[in-house]
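What follows is a set of notes on a single structure, which appears directly below.
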Amino acid sequence: MKPLVEYCYGAVKALNAQYEMTNVLRHSATAGAARERLIQDFLTAHLPEMTSVVSGVIVDSSGRRSKQQDIVLMLKSMPRLPFASGHDLIFQEGAVATFEIKTEITPSVLGDIALNIESVKVLAPSTLEGVQLGDLDWPYARILSVVLTYGGAALDSIERKLIELPDAGQPDVYLDLTKGILIKNEGLLFSQDGSNVYLRFDHPATGLARLLALLSKVTGCLVMRGVKWEAYIS
């Protein structure tokens, strides 16, 4: 077993154990916040240091706003508008990836998740100017969308529902910490395999290892993005 996968076996067990500990809170909103924080802390500890792990709403220069995002990975080279609540206002040009964190997911709730993802994808950068060094496979200025759940329905049923959703609402990655991972089969994150809409890996440790690998590809570049700040003002 390769070291990264072996490590992720232990990491999945640790995350699920910490999730079980939050059950003692007996308050859905408080427990939900604690479970989001578990993932925030994990990402902060494991991702390249060019990104910050925050929460909030993403805005573009046209004034359009996304829905509230549980987690946003943003470039440390970009500013944000911070608030004491921890829910920041994040400029589109600074956002790299978003995470929707759920305790449990069934196919019936994927429609609402799709609306959240669509609210991010409609945002546009003020300019495509900038410089990027590193892995250039991931499209410049595109924001990766990840759905992560501590448990849920079988991957087969989740995949069938995801395929039915509009393309703008389909996540790039769906990770279930008890079942495995689905990754959009576009040839961007991993080599394209056949004609399936999603690549599927039926083990959570393998899924977590692949998530960390692709996040490193997306966040591990040295990026300086241009911004037309006047467009945010007038």
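Going by the structure tokens order, chains are called A, B, ..., each with residues numbered from 1, while ligands are numbered from 1 in the order shown.
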Closest pair table for segment 92-133 of chain A residues within 12 Å of segment 28-47 of chain A, only C-alpha atoms, as a tab-separated table:
```
residue	atom	partner	partner_atom	distance
A:Ala97	CA	A:Leu43	CA	11.7
A:Thr98	CA	A:Gln40	CA	11.4
A:Phe99	CA	A:Ile39	CA	9.4
A:Glu100	CA	A:Glu36	CA	8.9
A:Ile101	CA	A:Glu36	CA	6.2
A:Lys102	CA	A:Gly32	CA	7.8
A:Thr103	CA	A:Gly32	CA	7.3
A:Glu104	CA	A:Gly32	CA	10.8
```
Those of segment 110-194 of chain A in DSSP strand (DSSP E or B), formatted as a list in words: Gly130, Val131, Gln132, Leu133, Leu144, Ser145, Val146, Val147, Leu148, Thr149, Gly152, Val173, Tyr174, Leu175, Asp176, Gly180, Ile181, Leu182, Ile183 and Lys184 of chain A
Any chance you could export the current selection's N, CA and C atoms as a PDB file, in the first residue's frame?
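out-v4.pdb was written with the following content:
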```pdb
ATOM      1  N   GLY A 130      -3.319  37.697 -15.568  1.00  0.00           N
ATOM      2  CA  GLY A 130      -2.648  37.105 -14.421  1.00  0.00           C
ATOM      3  C   GLY A 130      -1.531  36.180 -14.861  1.00  0.00           C
ATOM      4  N   VAL A 131      -0.886  35.587 -13.870  1.00  0.00           N
ATOM      5  CA  VAL A 131       0.235  34.683 -14.117  1.00  0.00           C
ATOM      6  C   VAL A 131       0.025  33.423 -13.283  1.00  0.00           C
ATOM      7  N   GLN A 132       0.348  32.265 -13.864  1.00  0.00           N
ATOM      8  CA  GLN A 132       0.200  30.995 -13.149  1.00  0.00           C
ATOM      9  C   GLN A 132       1.366  30.092 -13.478  1.00  0.00           C
ATOM     10  N   LEU A 133       1.990  29.543 -12.448  1.00  0.00           N
ATOM     11  CA  LEU A 133       3.096  28.607 -12.608  1.00  0.00           C
ATOM     12  C   LEU A 133       2.734  27.300 -11.920  1.00  0.00           C
ATOM     13  N   LEU A 144     -13.362  24.988  -8.483  1.00  0.00           N
ATOM     14  CA  LEU A 144     -13.665  23.575  -8.252  1.00  0.00           C
ATOM     15  C   LEU A 144     -14.804  23.447  -7.243  1.00  0.00           C
ATOM     16  N   SER A 145     -15.752  22.559  -7.511  1.00  0.00           N
ATOM     17  CA  SER A 145     -16.868  22.334  -6.578  1.00  0.00           C
ATOM     18  C   SER A 145     -16.782  20.921  -6.000  1.00  0.00           C
ATOM     19  N   VAL A 146     -16.808  20.850  -4.661  1.00  0.00           N
ATOM     20  CA  VAL A 146     -16.702  19.572  -3.949  1.00  0.00           C
ATOM     21  C   VAL A 146     -17.885  19.432  -3.004  1.00  0.00           C
ATOM     22  N   VAL A 147     -18.519  18.280  -3.032  1.00  0.00           N
ATOM     23  CA  VAL A 147     -19.546  17.933  -2.050  1.00  0.00           C
ATOM     24  C   VAL A 147     -18.969  16.823  -1.178  1.00  0.00           C
ATOM     25  N   LEU A 148     -18.975  17.025   0.136  1.00  0.00           N
ATOM     26  CA  LEU A 148     -18.413  16.037   1.059  1.00  0.00           C
ATOM     27  C   LEU A 148     -19.456  15.698   2.106  1.00  0.00           C
ATOM     28  N   THR A 149     -19.677  14.410   2.294  1.00  0.00           N
ATOM     29  CA  THR A 149     -20.642  13.960   3.285  1.00  0.00           C
ATOM     30  C   THR A 149     -20.029  12.894   4.186  1.00  0.00           C
ATOM     31  N   GLY A 152     -24.159   8.571   3.501  1.00  0.00           N
ATOM     32  CA  GLY A 152     -25.242   8.833   2.564  1.00  0.00           C
ATOM     33  C   GLY A 152     -25.651   7.598   1.805  1.00  0.00           C
ATOM     34  N   VAL A 173     -16.588  16.978  -7.732  1.00  0.00           N
ATOM     35  CA  VAL A 173     -16.205  15.864  -6.863  1.00  0.00           C
ATOM     36  C   VAL A 173     -17.303  15.624  -5.831  1.00  0.00           C
ATOM     37  N   TYR A 174     -17.616  14.363  -5.593  1.00  0.00           N
ATOM     38  CA  TYR A 174     -18.533  13.962  -4.525  1.00  0.00           C
ATOM     39  C   TYR A 174     -17.807  12.913  -3.691  1.00  0.00           C
ATOM     40  N   LEU A 175     -17.556  13.227  -2.410  1.00  0.00           N
ATOM     41  CA  LEU A 175     -16.837  12.291  -1.526  1.00  0.00           C
ATOM     42  C   LEU A 175     -17.712  11.910  -0.347  1.00  0.00           C
ATOM     43  N   ASP A 176     -17.930  10.618  -0.183  1.00  0.00           N
ATOM     44  CA  ASP A 176     -18.630  10.063   0.969  1.00  0.00           C
ATOM     45  C   ASP A 176     -17.582   9.368   1.842  1.00  0.00           C
ATOM     46  N   GLY A 180     -16.919   6.171  -0.650  1.00  0.00           N
ATOM     47  CA  GLY A 180     -15.987   6.378  -1.749  1.00  0.00           C
ATOM     48  C   GLY A 180     -16.197   7.722  -2.415  1.00  0.00           C
ATOM     49  N   ILE A 181     -15.754   7.827  -3.665  1.00  0.00           N
ATOM     50  CA  ILE A 181     -15.707   9.123  -4.331  1.00  0.00           C
ATOM     51  C   ILE A 181     -16.188   9.020  -5.775  1.00  0.00           C
ATOM     52  N   LEU A 182     -16.822  10.101  -6.248  1.00  0.00           N
ATOM     53  CA  LEU A 182     -17.176  10.294  -7.651  1.00  0.00           C
ATOM     54  C   LEU A 182     -16.443  11.538  -8.134  1.00  0.00           C
ATOM     55  N   ILE A 183     -15.771  11.441  -9.297  1.00  0.00           N
ATOM     56  CA  ILE A 183     -15.005  12.557  -9.840  1.00  0.00           C
ATOM     57  C   ILE A 183     -15.442  12.795 -11.282  1.00  0.00           C
ATOM     58  N   LYS A 184     -15.776  14.025 -11.610  1.00  0.00           N
ATOM     59  CA  LYS A 184     -16.236  14.365 -12.960  1.00  0.00           C
ATOM     60  C   LYS A 184     -15.208  13.877 -13.995  1.00  0.00           C
TER      61      LYS A 184
END
```
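Among the candidate residues A:Gly56, A:Pro48, A:Pro171, A:Gly151, the one lying nearest to Ile71 of chain A is A:Gly56, with distances computed using only C-alpha atoms.
Secondary structure of segment 156-227 of chain A, alpha helix (DSSP H) only (DSSP, backbone atoms): A:Asp156, A:Ser157, A:Ile158, A:Glu159, A:Arg160, A:Lys161, A:Leu162, A:Ile163, A:Glu164, A:Pro204, A:Ala205, A:Thr206, A:Gly207, A:Leu208, A:Ala209, A:Arg210, A:Leu211, A:Leu212, A:Ala213, A:Leu214, A:Leu215, A:Ser216, A:Lys217, A:Val218, A:Thr219.
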Contact residues around Met78 of chain A with only C-alpha atoms at 8 Å, ignoring same-chain residues under 2 positions, as a ChimeraX atom specification: /A:74-76,80,93-94
Produce a file of the selected residues containing all heavy atoms, as a PDB file, in the first residue's frame.
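The file below, result-v9.pdb, is the result:
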```pdb
ATOM      1  N   MET A  74      -9.324  29.910  -0.916  1.00  0.00           N
ATOM      2  CA  MET A  74      -9.027  31.138  -1.643  1.00  0.00           C
ATOM      3  C   MET A  74      -7.532  31.434  -1.633  1.00  0.00           C
ATOM      4  O   MET A  74      -6.808  31.022  -0.722  1.00  0.00           O
ATOM      5  CB  MET A  74      -9.818  32.315  -1.078  1.00  0.00           C
ATOM      6  CG  MET A  74      -9.508  32.681   0.345  1.00  0.00           C
ATOM      7  SD  MET A  74     -10.124  34.336   0.754  1.00  0.00           S
ATOM      8  CE  MET A  74      -8.988  35.369  -0.180  1.00  0.00           C
ATOM      9  N   LEU A  75      -7.095  32.132  -2.663  1.00  0.00           N
ATOM     10  CA  LEU A  75      -5.690  32.468  -2.803  1.00  0.00           C
ATOM     11  C   LEU A  75      -5.262  33.433  -1.704  1.00  0.00           C
ATOM     12  O   LEU A  75      -5.931  34.436  -1.447  1.00  0.00           O
ATOM     13  CB  LEU A  75      -5.440  33.117  -4.170  1.00  0.00           C
ATOM     14  CG  LEU A  75      -5.736  32.259  -5.400  1.00  0.00           C
ATOM     15  CD1 LEU A  75      -5.629  33.109  -6.657  1.00  0.00           C
ATOM     16  CD2 LEU A  75      -4.792  31.074  -5.460  1.00  0.00           C
ATOM     17  N   LYS A  76      -4.117  33.146  -1.085  1.00  0.00           N
ATOM     18  CA  LYS A  76      -3.598  34.049  -0.070  1.00  0.00           C
ATOM     19  C   LYS A  76      -3.101  35.359  -0.680  1.00  0.00           C
ATOM     20  O   LYS A  76      -2.927  36.353   0.035  1.00  0.00           O
ATOM     21  CB  LYS A  76      -2.468  33.379   0.711  1.00  0.00           C
ATOM     22  CG  LYS A  76      -2.959  32.325   1.685  1.00  0.00           C
ATOM     23  CD  LYS A  76      -1.849  31.822   2.584  1.00  0.00           C
ATOM     24  CE  LYS A  76      -2.395  30.864   3.639  1.00  0.00           C
ATOM     25  NZ  LYS A  76      -1.337  30.366   4.540  1.00  0.00           N
ATOM     26  N   ARG A  80      -9.880  39.666   1.060  1.00  0.00           N
ATOM     27  CA  ARG A  80     -11.284  39.345   1.255  1.00  0.00           C
ATOM     28  C   ARG A  80     -11.841  40.353   2.256  1.00  0.00           C
ATOM     29  O   ARG A  80     -11.089  41.094   2.890  1.00  0.00           O
ATOM     30  CB  ARG A  80     -11.466  37.915   1.769  1.00  0.00           C
ATOM     31  CG  ARG A  80     -10.995  37.662   3.197  1.00  0.00           C
ATOM     32  CD  ARG A  80     -11.198  36.201   3.582  1.00  0.00           C
ATOM     33  NE  ARG A  80     -10.955  35.932   4.988  1.00  0.00           N
ATOM     34  CZ  ARG A  80      -9.778  35.657   5.525  1.00  0.00           C
ATOM     35  NH1 ARG A  80      -8.695  35.634   4.758  1.00  0.00           N
ATOM     36  NH2 ARG A  80      -9.661  35.405   6.816  1.00  0.00           N
ATOM     37  N   GLU A  93     -12.260  36.340  -8.066  1.00  0.00           N
ATOM     38  CA  GLU A  93     -10.908  36.103  -8.560  1.00  0.00           C
ATOM     39  C   GLU A  93     -10.030  35.396  -7.525  1.00  0.00           C
ATOM     40  O   GLU A  93      -9.010  34.796  -7.882  1.00  0.00           O
ATOM     41  CB  GLU A  93     -10.246  37.419  -8.969  1.00  0.00           C
ATOM     42  CG  GLU A  93     -10.870  38.079 -10.189  1.00  0.00           C
ATOM     43  CD  GLU A  93     -12.077  38.940  -9.854  1.00  0.00           C
ATOM     44  OE1 GLU A  93     -12.519  38.922  -8.676  1.00  0.00           O
ATOM     45  OE2 GLU A  93     -12.580  39.627 -10.750  1.00  0.00           O
ATOM     46  N   GLY A  94     -10.412  35.457  -6.255  1.00  0.00           N
ATOM     47  CA  GLY A  94      -9.628  34.821  -5.210  1.00  0.00           C
ATOM     48  C   GLY A  94     -10.072  33.412  -4.880  1.00  0.00           C
ATOM     49  O   GLY A  94      -9.331  32.661  -4.236  1.00  0.00           O
TER      50      GLY A  94
END
```
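The space between atom CA of Gly220 of chain A and atom CA of Val5 of chain A spans 19.5 Å.
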Residues within 10 Å of segment 116-127 of chain A, only C-alpha atoms, excluding chain neighbours under 2 positions, as JSON, numbers by chain: {"A": [57, 58, 59, 60, 61, 62, 63, 64, 65, 66, 67, 68, 69, 91, 92, 93, 94, 95, 97, 98, 99, 100, 110, 111, 112, 113, 114, 129, 130, 141, 142, 143, 144, 145, 146, 147, 166, 167, 168, 169, 170, 171, 172, 225, 226, 227, 228, 229, 230, 231, 232]}
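Shortest atom-to-atom contact with Ala17 of chain A among A:Ile105, A:Ile158, A:Ile163, A:Leu177: A:Leu177, counting only C-alpha atoms.
Take atom CA of Arg200 of chain A and atom CA of Leu73 of chain A: the distance between them is 24.0 Å.
Pairwise distance (atom CA of Ser52 of chain A, atom CA of Ala14 of chain A) equals 22.7 Å.
Distances to Leu215 of chain A were evaluated for A:Met21, A:Ser157, A:Phe190, A:Arg26 using only C-alpha atoms, and the minimum falls at A:Phe190.
Considering only C-alpha atoms, the residue among A:Met1, A:Ser234, A:Cys8, A:Val54 positioned nearest to Arg210 of chain A is A:Cys8.
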